[in-house]
$ cat entry.cif   # mmCIF, C-alpha atoms
data_input
loop_
_atom_site.group_PDB
_atom_site.id
_atom_site.type_symbol
_atom_site.label_atom_id
_atom_site.label_comp_id
_atom_site.auth_asym_id
_atom_site.auth_seq_id
_atom_site.Cartn_x
_atom_site.Cartn_y
_atom_site.Cartn_z
ATOM 1 C CA MET J 1059 72.529 92.865 95.390
ATOM 2 C CA GLN J 1060 69.299 91.207 94.309
ATOM 3 C CA VAL J 1061 66.320 92.018 96.507
ATOM 4 C CA GLN J 1062 62.621 91.678 95.852
ATOM 5 C CA GLY J 1063 59.982 93.569 97.780
ATOM 6 C CA ALA J 1064 62.429 96.388 98.464
ATOM 7 C CA ARG J 1065 63.421 99.702 96.934
ATOM 8 C CA ARG J 1066 66.794 101.353 97.319
ATOM 9 C CA SER J 1067 66.631 104.830 98.766
ATOM 10 C CA GLY J 1068 69.013 107.695 98.177
ATOM 11 C CA ASN J 1069 70.149 107.703 101.802
ATOM 12 C CA ARG J 1070 73.766 106.946 102.633
ATOM 13 C CA PRO J 1071 74.383 103.618 104.412
ATOM 14 C CA LEU J 1072 73.984 103.782 108.151
ATOM 15 C CA GLY J 1073 76.937 102.500 110.167
ATOM 16 C CA GLY J 1074 77.277 100.744 113.503
ATOM 17 C CA ARG J 1075 78.556 103.801 115.373
ATOM 18 C CA LEU J 1076 75.793 106.326 114.795
ATOM 19 C CA ALA J 1077 75.436 109.286 117.124
ATOM 20 C CA ALA J 1078 72.386 109.220 119.367
ATOM 21 C CA SER J 1079 70.712 112.044 117.458
ATOM 22 C CA VAL J 1080 71.064 110.191 114.160
ATOM 23 C CA VAL J 1081 69.768 106.983 115.715
ATOM 24 C CA THR J 1082 66.704 108.806 116.967
ATOM 25 C CA SER J 1083 65.981 110.295 113.550
ATOM 26 C CA VAL J 1084 66.349 106.886 111.911
ATOM 27 C CA VAL J 1085 63.865 105.364 114.344
ATOM 28 C CA THR J 1086 61.444 108.206 113.749
ATOM 29 C CA SER J 1087 61.563 107.805 109.973
ATOM 30 C CA ALA J 1088 61.298 104.041 110.277
ATOM 31 C CA LEU J 1089 58.064 104.314 112.241
ATOM 32 C CA PHE J 1090 56.263 105.576 109.177
ATOM 33 C CA LEU J 1091 57.626 102.698 107.124
ATOM 34 C CA VAL J 1092 56.674 99.844 109.420
ATOM 35 C CA THR J 1093 53.667 100.970 111.451
ATOM 36 C CA ALA J 1094 51.070 100.452 108.756
ATOM 37 C CA ALA J 1095 52.442 97.185 107.421
ATOM 38 C CA SER J 1096 53.487 95.349 110.560
ATOM 39 C CA THR J 1097 51.711 96.856 113.545
ATOM 40 C CA ALA J 1098 48.323 97.074 111.864
ATOM 41 C CA SER J 1099 48.762 93.461 110.814
ATOM 42 C CA ALA J 1100 49.638 92.459 114.368
ATOM 43 C CA ILE J 1101 46.599 94.248 115.799
ATOM 44 C CA SER J 1102 44.238 92.806 113.191
ATOM 45 C CA THR J 1103 45.306 89.235 113.940
ATOM 46 C CA VAL J 1104 44.769 89.403 117.689
ATOM 47 C CA SER J 1105 41.622 87.330 117.238
ATOM 48 C CA SER J 1106 43.837 84.377 116.290
ATOM 49 C CA THR J 1107 46.001 84.642 119.419
ATOM 50 C CA SER J 1108 45.551 82.920 122.766
ATOM 51 C CA VAL J 1109 47.527 85.550 124.690
ATOM 52 C CA ASP J 1110 46.549 89.223 124.622
ATOM 53 C CA THR J 1111 47.563 91.200 127.687
ATOM 54 C CA THR J 1112 49.579 94.211 128.790
ATOM 55 C CA GLY J 1113 52.685 94.676 130.899
ATOM 56 C CA LYS J 1114 55.271 97.290 131.797
ATOM 57 C CA VAL J 1115 58.839 96.872 130.540
ATOM 58 C CA THR J 1116 61.202 97.313 133.477
ATOM 59 C CA ARG J 1117 64.459 96.333 131.769
ATOM 60 C CA VAL J 1118 65.803 95.804 128.280
ATOM 61 C CA VAL J 1119 68.241 92.887 128.421
ATOM 62 C CA ASP J 1120 69.475 93.127 124.841
ATOM 63 C CA GLY J 1121 68.150 93.845 121.362
ATOM 64 C CA ASP J 1122 65.539 91.086 121.424
ATOM 65 C CA THR J 1123 64.785 90.375 125.104
ATOM 66 C CA VAL J 1124 63.035 92.424 127.775
ATOM 67 C CA ILE J 1125 61.831 91.970 131.340
ATOM 68 C CA ALA J 1126 58.250 93.028 132.000
ATOM 69 C CA ARG J 1127 55.810 93.090 134.903
ATOM 70 C CA ILE J 1128 52.574 91.379 133.902
ATOM 71 C CA HIS J 1129 49.773 91.390 136.475
ATOM 72 C CA GLY J 1130 52.305 91.809 139.290
ATOM 73 C CA THR J 1131 54.673 89.049 138.151
ATOM 74 C CA THR J 1132 58.056 89.560 136.486
ATOM 75 C CA HIS J 1133 58.627 87.732 133.196
ATOM 76 C CA ARG J 1134 61.557 87.517 130.797
ATOM 77 C CA ILE J 1135 60.215 87.936 127.256
ATOM 78 C CA ARG J 1136 61.970 86.898 124.050
ATOM 79 C CA ILE J 1137 60.426 89.073 121.366
ATOM 80 C CA THR J 1138 59.068 87.090 118.431
ATOM 81 C CA GLY J 1139 60.449 87.373 114.938
ATOM 82 C CA LEU J 1140 63.869 88.987 115.291
ATOM 83 C CA ASN J 1141 67.384 88.098 116.370
ATOM 84 C CA ALA J 1142 69.791 90.849 117.359
ATOM 85 C CA MET J 1143 73.533 90.354 117.623
ATOM 86 C CA GLU J 1144 74.700 89.007 120.955
ATOM 87 C CA LEU J 1145 75.930 90.896 124.002
ATOM 88 C CA THR J 1146 78.693 89.343 126.099
ATOM 89 C CA ASP J 1147 78.375 91.781 129.013
ATOM 90 C CA TYR J 1148 74.799 92.778 129.858
ATOM 91 C CA ARG J 1149 75.528 95.246 132.667
ATOM 92 C CA GLN J 1150 74.066 98.704 132.186
ATOM 93 C CA GLY J 1151 76.882 101.101 131.374
ATOM 94 C CA HIS J 1152 79.325 98.240 130.715
ATOM 95 C CA ARG J 1153 77.711 96.505 127.768
ATOM 96 C CA LYS J 1154 79.991 94.690 125.358
ATOM 97 C CA GLY J 1155 79.318 92.285 122.539
ATOM 98 C CA GLU J 1156 79.246 91.644 118.845
ATOM 99 C CA CYS J 1157 79.097 94.572 116.470
ATOM 100 C CA HIS J 1158 75.574 96.108 116.399
ATOM 101 C CA ALA J 1159 74.559 94.398 119.678
ATOM 102 C CA ARG J 1160 74.783 97.524 121.846
ATOM 103 C CA GLN J 1161 73.142 99.692 119.216
ATOM 104 C CA ALA J 1162 70.172 97.302 118.949
ATOM 105 C CA THR J 1163 69.826 97.285 122.735
ATOM 106 C CA ARG J 1164 69.807 101.085 122.889
ATOM 107 C CA GLN J 1165 67.204 101.262 120.134
ATOM 108 C CA LEU J 1166 64.907 98.860 121.951
ATOM 109 C CA GLU J 1167 65.335 100.840 125.183
ATOM 110 C CA LYS J 1168 64.253 104.037 123.450
ATOM 111 C CA LEU J 1169 61.133 102.307 122.182
ATOM 112 C CA VAL J 1170 59.861 100.320 125.185
ATOM 113 C CA LEU J 1171 61.746 100.881 128.455
ATOM 114 C CA GLY J 1172 59.405 102.055 131.206
ATOM 115 C CA LYS J 1173 56.378 101.824 128.930
ATOM 116 C CA THR J 1174 53.237 99.729 128.960
ATOM 117 C CA VAL J 1175 53.251 97.305 126.041
ATOM 118 C CA ARG J 1176 50.639 95.063 124.489
ATOM 119 C CA ILE J 1177 51.808 91.430 124.613
ATOM 120 C CA THR J 1178 50.437 88.742 122.300
ATOM 121 C CA ALA J 1179 51.115 85.156 121.263
ATOM 122 C CA ARG J 1180 49.314 82.474 119.284
ATOM 123 C CA ASP J 1181 50.250 79.813 121.830
ATOM 124 C CA GLU J 1182 50.349 80.541 125.545
ATOM 125 C CA ALA J 1183 53.037 77.861 125.970
ATOM 126 C CA SER J 1184 55.450 79.456 123.482
ATOM 127 C CA GLU J 1185 58.919 79.698 124.997
ATOM 128 C CA SER J 1186 62.451 80.300 123.771
ATOM 129 C CA GLY J 1187 65.384 78.059 124.657
ATOM 130 C CA GLU J 1188 66.501 76.441 127.864
ATOM 131 C CA ARG J 1189 66.006 79.674 129.839
ATOM 132 C CA HIS J 1190 62.238 79.353 129.283
ATOM 133 C CA ARG J 1191 61.753 82.930 128.168
ATOM 134 C CA LEU J 1192 58.215 83.687 127.045
ATOM 135 C CA ARG J 1193 58.102 84.097 123.266
ATOM 136 C CA ARG J 1194 55.801 87.030 122.626
ATOM 137 C CA SER J 1195 55.069 89.842 120.179
ATOM 138 C CA LEU J 1196 55.070 93.398 121.553
ATOM 139 C CA VAL J 1197 53.513 96.630 120.375
ATOM 140 C CA VAL J 1198 53.711 99.982 122.133
ATOM 141 C CA LYS J 1199 52.164 103.411 121.647
ATOM 142 C CA ASP J 1200 54.439 106.233 120.559
ATOM 143 C CA ALA J 1201 54.191 109.853 121.695
ATOM 144 C CA ASN J 1202 51.301 110.406 119.281
ATOM 145 C CA GLY J 1203 49.312 107.459 120.615
ATOM 146 C CA THR J 1204 50.007 105.354 117.515
ATOM 147 C CA TRP J 1205 50.709 101.654 117.944
ATOM 148 C CA ILE J 1206 54.217 100.762 116.729
ATOM 149 C CA ASP J 1207 56.032 97.439 116.436
ATOM 150 C CA PRO J 1208 59.534 97.606 118.005
ATOM 151 C CA ALA J 1209 60.721 94.374 116.373
ATOM 152 C CA ALA J 1210 59.696 95.613 112.947
ATOM 153 C CA ILE J 1211 61.540 98.882 113.513
ATOM 154 C CA LEU J 1212 64.781 97.147 114.495
ATOM 155 C CA ILE J 1213 64.628 94.850 111.462
ATOM 156 C CA ARG J 1214 63.846 97.746 109.110
ATOM 157 C CA ASN J 1215 66.808 99.666 110.521
ATOM 158 C CA GLY J 1216 69.100 96.676 110.001
ATOM 159 C CA LEU J 1217 69.697 96.149 113.713
ATOM 160 C CA ALA J 1218 68.376 92.584 113.780
ATOM 161 C CA LEU J 1219 67.808 89.670 111.441
ATOM 162 C CA TRP J 1220 64.411 88.198 110.715
ATOM 163 C CA LEU J 1221 63.999 85.073 112.867
ATOM 164 C CA PRO J 1222 61.190 82.784 111.639
ATOM 165 C CA ASN J 1223 59.107 80.716 114.029
ATOM 166 C CA LYS J 1224 56.723 77.967 112.994
ATOM 167 C CA VAL J 1225 54.411 78.420 115.997
ATOM 168 C CA GLU J 1226 54.447 82.204 116.373
ATOM 169 C CA TYR J 1227 54.355 82.638 112.614
ATOM 170 C CA LEU J 1228 52.322 85.839 112.199
ATOM 171 C CA PRO J 1229 55.397 88.083 111.653
ATOM 172 C CA ASN J 1230 56.720 85.750 108.936
ATOM 173 C CA SER J 1231 54.694 87.579 106.303
ATOM 174 C CA SER J 1232 56.029 91.101 106.934
ATOM 175 C CA TYR J 1233 59.371 90.881 108.753
ATOM 176 C CA PRO J 1234 61.372 89.335 105.867
ATOM 177 C CA VAL J 1235 60.078 92.121 103.613
ATOM 178 C CA LEU J 1236 61.414 94.685 106.097
ATOM 179 C CA ALA J 1237 64.754 92.863 106.171
ATOM 180 C CA ALA J 1238 64.877 93.046 102.366
ATOM 181 C CA GLN J 1239 64.225 96.792 102.521
ATOM 182 C CA ALA J 1240 67.009 97.243 105.089
ATOM 183 C CA ALA J 1241 69.388 95.245 102.891
ATOM 184 C CA ALA J 1242 68.523 97.373 99.850
ATOM 185 C CA ASP J 1243 69.229 100.539 101.861
ATOM 186 C CA ARG J 1244 72.395 99.050 103.416
ATOM 187 C CA ARG J 1245 71.257 99.906 106.911
ATOM 188 C CA GLY J 1246 72.905 98.636 110.085
ATOM 189 C CA LEU J 1247 74.021 95.038 109.635
ATOM 190 C CA TRP J 1248 73.656 95.431 105.887
ATOM 191 C CA ASN J 1249 76.370 98.101 105.742
ATOM 192 C CA THR J 1250 79.526 96.114 104.955
ATOM 193 C CA ASP J 1251 81.794 98.756 106.548
ATOM 194 C CA ALA J 1252 79.753 99.414 109.689
ATOM 195 C CA CYS J 1253 82.144 97.607 112.039
ATOM 196 C CA GLY J 1254 85.368 98.927 110.533
ATOM 197 C CA LEU J 1255 87.515 98.084 107.531
ATOM 198 C CA GLY J 1256 87.770 94.324 107.380
ATOM 199 C CA PRO J 1257 89.815 92.100 105.074
ATOM 200 C CA SER J 1258 89.351 91.776 101.303
ATOM 201 C CA ARG J 1259 87.216 94.898 101.002
ATOM 202 C CA ASN J 1260 86.716 94.459 97.261
ATOM 203 C CA ALA J 1261 85.719 90.806 97.467
ATOM 204 C CA THR J 1262 82.550 89.796 95.634
ATOM 205 C CA LEU J 1263 81.094 86.766 97.398
ATOM 206 C CA ARG J 1264 77.811 84.938 96.901
ATOM 207 C CA VAL J 1265 76.168 82.644 99.451
ATOM 208 C CA THR J 1266 73.707 79.943 98.386
ATOM 209 C CA VAL J 1267 71.846 77.679 100.830
ATOM 210 C CA LYS J 1268 70.711 74.147 100.023
ATOM 211 C CA TRP J 1269 68.067 73.595 102.679
ATOM 212 C CA LYS J 1270 66.350 70.504 101.271
ATOM 213 C CA GLY J 1271 67.764 67.122 102.222
ATOM 214 C CA VAL J 1272 71.466 67.257 103.081
ATOM 215 C CA GLU J 1273 72.171 70.864 104.064
ATOM 216 C CA THR J 1274 75.049 72.788 102.503
ATOM 217 C CA VAL J 1275 76.088 76.402 102.007
ATOM 218 C CA THR J 1276 78.044 77.247 98.869
ATOM 219 C CA ILE J 1277 80.248 80.344 98.835
ATOM 220 C CA ASP J 1278 81.310 81.607 95.407
ATOM 221 C CA ASN J 1279 84.131 84.073 94.853
ATOM 222 C CA GLN J 1280 82.983 86.087 91.871
ATOM 223 C CA GLY J 1281 85.976 88.416 91.961
ATOM 224 C CA ALA J 1282 89.326 88.423 90.205
ATOM 225 C CA ASN J 1283 91.402 87.844 93.378
ATOM 226 C CA PRO J 1284 91.574 85.012 95.908
ATOM 227 C CA VAL J 1285 89.849 85.636 99.258
ATOM 228 C CA SER J 1286 91.042 84.267 102.594
ATOM 229 C CA LEU J 1287 88.144 83.212 104.827
ATOM 230 C CA ALA J 1288 90.299 82.336 107.831
ATOM 231 C CA GLY J 1289 88.422 83.531 110.910
ATOM 232 C CA TRP J 1290 85.277 84.401 108.973
ATOM 233 C CA TRP J 1291 82.092 82.872 110.357
ATOM 234 C CA LEU J 1292 78.726 81.802 109.026
ATOM 235 C CA ARG J 1293 75.424 81.549 110.844
ATOM 236 C CA ASP J 1294 71.750 81.017 110.240
ATOM 237 C CA SER J 1295 69.087 83.343 111.658
ATOM 238 C CA SER J 1296 68.723 81.570 114.993
ATOM 239 C CA TYR J 1297 72.277 81.117 116.199
ATOM 240 C CA HIS J 1298 73.203 82.187 119.729
ATOM 241 C CA GLY J 1299 76.797 83.387 119.881
ATOM 242 C CA ARG J 1300 79.722 82.568 117.619
ATOM 243 C CA LEU J 1301 80.815 79.516 119.639
ATOM 244 C CA ALA J 1302 77.422 77.840 119.576
ATOM 245 C CA ARG J 1303 75.451 77.667 116.347
ATOM 246 C CA GLY J 1304 77.822 79.522 114.045
ATOM 247 C CA TYR J 1305 80.688 77.983 112.055
ATOM 248 C CA THR J 1306 84.128 79.664 112.000
ATOM 249 C CA PHE J 1307 86.351 78.886 109.025
ATOM 250 C CA PRO J 1308 89.776 77.568 110.089
ATOM 251 C CA ALA J 1309 93.202 78.972 109.290
ATOM 252 C CA GLY J 1310 94.181 78.387 105.693
ATOM 253 C CA THR J 1311 90.658 78.606 104.292
ATOM 254 C CA ALA J 1312 90.707 80.462 100.980
ATOM 255 C CA ILE J 1313 88.599 80.710 97.833
ATOM 256 C CA PRO J 1314 90.530 81.166 94.598
ATOM 257 C CA ALA J 1315 89.420 83.781 92.101
ATOM 258 C CA GLY J 1316 86.298 82.450 90.417
ATOM 259 C CA GLY J 1317 86.302 79.497 92.795
ATOM 260 C CA THR J 1318 83.889 77.917 95.252
ATOM 261 C CA ILE J 1319 83.896 76.276 98.657
ATOM 262 C CA VAL J 1320 81.092 74.249 100.220
ATOM 263 C CA LEU J 1321 80.201 74.133 103.911
ATOM 264 C CA HIS J 1322 78.373 70.959 104.990
ATOM 265 C CA THR J 1323 76.391 71.070 108.229
ATOM 266 C CA GLY J 1324 76.983 67.365 108.869
ATOM 267 C CA LYS J 1325 80.079 65.401 109.822
ATOM 268 C CA GLY J 1326 83.204 64.947 107.740
ATOM 269 C CA SER J 1327 86.827 65.957 107.272
ATOM 270 C CA ASN J 1328 87.823 69.253 105.704
ATOM 271 C CA GLY J 1329 89.570 69.098 102.351
ATOM 272 C CA SER J 1330 89.410 69.904 98.620
ATOM 273 C CA GLY J 1331 87.229 72.960 99.133
ATOM 274 C CA HIS J 1332 84.737 71.165 101.402
ATOM 275 C CA TYR J 1333 84.286 72.116 105.063
ATOM 276 C CA TYR J 1334 82.223 70.427 107.748
ATOM 277 C CA TRP J 1335 80.251 71.962 110.604
ATOM 278 C CA ASN J 1336 80.269 68.511 112.252
ATOM 279 C CA LEU J 1337 76.813 68.838 113.763
ATOM 280 C CA ASN J 1338 74.900 65.702 114.694
ATOM 281 C CA ASP J 1339 72.826 64.084 111.960
ATOM 282 C CA ASN J 1340 69.559 65.038 113.677
ATOM 283 C CA VAL J 1341 70.448 68.758 113.799
ATOM 284 C CA ARG J 1342 68.822 70.910 111.129
ATOM 285 C CA VAL J 1343 70.319 74.380 110.796
ATOM 286 C CA PHE J 1344 68.192 75.888 108.022
ATOM 287 C CA ASP J 1345 64.404 75.955 108.186
ATOM 288 C CA ASN J 1346 62.516 74.484 105.247
ATOM 289 C CA VAL J 1347 60.327 76.758 103.149
ATOM 290 C CA THR J 1348 56.615 76.397 103.854
ATOM 291 C CA ASN J 1349 53.476 77.891 102.366
ATOM 292 C CA ALA J 1350 50.916 80.103 104.102
ATOM 293 C CA PRO J 1351 49.980 80.491 106.845
ATOM 294 C CA THR J 1352 53.378 79.701 108.416
ATOM 295 C CA LEU J 1353 55.609 81.077 105.594
ATOM 296 C CA MET J 1354 58.761 79.577 107.074
ATOM 297 C CA ALA J 1355 62.192 80.106 105.543
ATOM 298 C CA ASP J 1356 65.631 81.137 106.794
ATOM 299 C CA GLY J 1357 68.961 82.553 105.681
ATOM 300 C CA ALA J 1358 72.731 82.157 105.772
ATOM 301 C CA TYR J 1359 74.903 85.090 106.848
ATOM 302 C CA LEU J 1360 78.678 85.323 106.337
ATOM 303 C CA PHE J 1361 80.628 87.680 108.632
ATOM 304 C CA ASP J 1362 84.264 88.723 108.476
ATOM 305 C CA PRO J 1363 86.432 88.737 111.640
ATOM 306 C CA GLN J 1364 85.659 92.443 112.116
ATOM 307 C CA GLY J 1365 81.958 91.604 112.517
ATOM 308 C CA ASP J 1366 80.728 92.978 109.194
ATOM 309 C CA LEU J 1367 78.114 91.052 107.235
ATOM 310 C CA ARG J 1368 79.799 90.468 103.874
ATOM 311 C CA ALA J 1369 77.443 88.088 102.075
ATOM 312 C CA ALA J 1370 74.014 86.621 102.771
ATOM 313 C CA GLN J 1371 71.023 84.840 101.348
ATOM 314 C CA GLN J 1372 67.534 85.124 102.829
ATOM 315 C CA TYR J 1373 65.467 82.580 100.935
ATOM 316 C CA ALA J 1374 61.924 83.581 101.897
ATOM 317 C CA PRO J 1375 60.056 83.213 98.564
ATOM 318 C CA HIS J 1376 58.046 86.398 99.111
ATOM 319 C CA ALA J 1377 61.102 88.463 100.146
ATOM 320 C CA PRO J 1378 64.360 86.906 98.966
ATOM 321 C CA ILE J 1379 67.691 88.610 99.537
ATOM 322 C CA GLN J 1380 70.924 87.916 97.705
ATOM 323 C CA PHE J 1381 73.448 90.196 99.362
ATOM 324 C CA PRO J 1382 75.460 92.113 98.335
#
$ encode --input "entry.cif" --output "structure tokens"
Amino acid sequence: MQVQGARRSGNRPLGGRLAASVVTSVVTSALFLVTAASTASAISTVSSTSVDTTGKVTRVVDGDTVIARIHGTTHRIRITGLNAMELTDYRQGHRKGECHARQATRQLEKLVLGKTVRITARDEASESGERHRLRRSLVVKDANGTWIDPAAILIRNGLALWLPNKVEYLPNSSYPVLAAQAAADRRGLWNTDACGLGPSRNATLRVTVKWKGVETVTIDNQGANPVSLAGWWLRDSSYHGRLARGYTFPAGTAIPAGGTIVLHTGKGSNGSGHYYWNLNDNVRVFDNVTNAPTLMADGAYLFDPQGDLRAAQQYAPHAPIQFP
């Protein structure tokens, strides 16, 4: 795996079924890694925000959404800068969903549930999706009174992907670096066996995104054996559920040894190693790279049917990932 801005540690990869005690220790160690870089940055840039208030988190919906009381009013808040895997059943005690979704939700609960958080945004009107959730950054004080950034901790622990935003862009400088560090350490999502033993365990795949002009994703099989991709699925950082933004490869999809297939986001008919997402011409999946201050970019993430992330490219120039 090629990663810049990251250093591989000697720790063993962390899987998707960690015991609660291990999860707690991972969060504790991660605090020291992300507090200085991300939280201090968030606090220092408050002067450039139009929203700076406090609220109490009364419920954690999933790994990237909370409900908070702000000045006596209940608000649903979509936390800026990260995207956790999706739950399909949100009921407390009955949660179900994609691999890593429940773990991310539990982590966020440990960090913010029942606590007073500092809530900031550059634009007061920032919202997420048709449900009109407020898009906000959160920081919270830990037991020692130190400000910590829950989103940064989840990304650093591999429990969420970096999700860029061109309006609420302040996390775009640090969050992709944390994702690169998680990938180097094979934490959470970046552990290819976290969700169980999937197909073609020895496959060596490489994902490359063409984000300029006509969008494509090229998948190279760099191994000596063919790889079936039937039922595998590919997403960008912002997709919401496998049946919405993600693309699932149909039955019969295979890459020969040393071969390549190309996924086009536009319309067309599958054949000769070319596959089509069949999205409308005006739909852009992958964000274009931009310079400071917005530092936009994106990534492509290939999952096997078991839910393991098997290949990915994050193409942020200051923190690129080529995984594995």
$ closest_residue --input "entry.cif" --among "J:Ile1135, J:Ala1282, J:Leu1263, J:Leu1360" --to "Ser1186 (chain J)" --atoms "only C-alpha atoms"
J:Ile1135
$ closest_residue --input "entry.cif" --among "J:Thr1318, J:Ser1295, J:Gln1280, J:Gln1165" --to "Asn1141 (chain J)" --atoms "only C-alpha atoms"
J:Ser1295
$ closest_residue --input "entry.cif" --among "J:Val1109, J:Val1275, J:Val1343, J:Ala1315" --to "Ala1261 (chain J)" --atoms "all atoms listed in the file"
J:Ala1315
$ resolve_selection --input "entry.cif" --expression "the PyMOL selection byres ((chain J and resi 1237) around 7)" --output "JSON, numbers by chain"
{"J": [1213, 1214, 1216, 1219, 1220, 1233, 1234, 1235, 1236, 1238, 1239, 1240, 1241]}
$ atom_distance --input "entry.cif" --atom1 "CA of Glu1167 (chain J)" --atom2 "CA of Asp1356 (chain J)"
27.0 Å
$ atom_distance --input "entry.cif" --atom1 "CA of Pro1208 (chain J)" --atom2 "CA of Val1118 (chain J)"
12.2 Å
$ resolve_selection --input "entry.cif" --expression "the PyMOL selection byres ((chain J and resi 1182) around 10)" --output "PyMOL selection string"
chain J and resi 1107-1110+1178-1181+1183-1185+1192-1194
$ closest_residue --input "entry.cif" --among "J:Cys1253, J:Ala1355, J:Leu1367, J:Val1175" --to "Lys1224 (chain J)" --atoms "only C-alpha atoms"
J:Ala1355
$ atom_distance --input "entry.cif" --atom1 "CA of Thr1174 (chain J)" --atom2 "CA of Leu1196 (chain J)"
9.9 Å
$ resolve_selection --input "entry.cif" --expression "the PyMOL selection byres ((chain J and resi 1117) around 9)" --output "PyMOL selection string"
chain J and resi 1115-1116+1118-1119+1123-1126+1167+1170-1172
$ closest_residue --input "entry.cif" --among "J:Arg1245, J:Lys1270, J:His1158, J:His1190" --to "Asp1345 (chain J)" --atoms "all atoms listed in the file"
J:Lys1270
$ closest_residue --input "entry.cif" --among "J:Ala1252, J:Asp1120, J:Leu1169, J:Ala1218" --to "Arg1149 (chain J)" --atoms "all atoms listed in the file"
J:Asp1120
$ axis_aligned_box --input "entry.cif" --around "region 1155-1171 of chain J" --padding-each-side "4 Å" --output "AutoDock Vina command-line options"
--center_x 69.6 --center_y 97.8 --center_z 122.4 --size_x 27.5 --size_y 20.4 --size_z 20.1
$ residues_around --input "entry.cif" --residues "Val1197 (chain J)" --least-positions-apart "4" --cutoff "7 Å" --atoms "all atoms listed in the file" --output "PyMOL selection string"
chain J and resi 1175-1177+1205-1208
$ closest_atom_pairs --input "entry.cif" --of "region 1191-1308 of chain J" --to "region 1333-1340 of chain J" --cutoff "10 Å" --atoms "all atoms listed in the file" --output "JSON lines"
{"residue": "J:Val1272", "atom": "CA", "partner": "J:Asp1339", "partner_atom": "CA", "distance": 9.5}
{"residue": "J:Thr1274", "atom": "CA", "partner": "J:Tyr1334", "partner_atom": "CA", "distance": 9.2}
{"residue": "J:Val1275", "atom": "CA", "partner": "J:Tyr1333", "partner_atom": "CA", "distance": 9.7}
{"residue": "J:Arg1303", "atom": "CA", "partner": "J:Leu1337", "partner_atom": "CA", "distance": 9.3}
{"residue": "J:Gly1304", "atom": "CA", "partner": "J:Trp1335", "partner_atom": "CA", "distance": 8.7}
{"residue": "J:Tyr1305", "atom": "CA", "partner": "J:Trp1335", "partner_atom": "CA", "distance": 6.2}
{"residue": "J:Thr1306", "atom": "CA", "partner": "J:Trp1335", "partner_atom": "CA", "distance": 8.7}
{"residue": "J:Phe1307", "atom": "CA", "partner": "J:Tyr1333", "partner_atom": "CA", "distance": 8.1}
{"residue": "J:Pro1308", "atom": "CA", "partner": "J:Tyr1333", "partner_atom": "CA", "distance": 9.2}
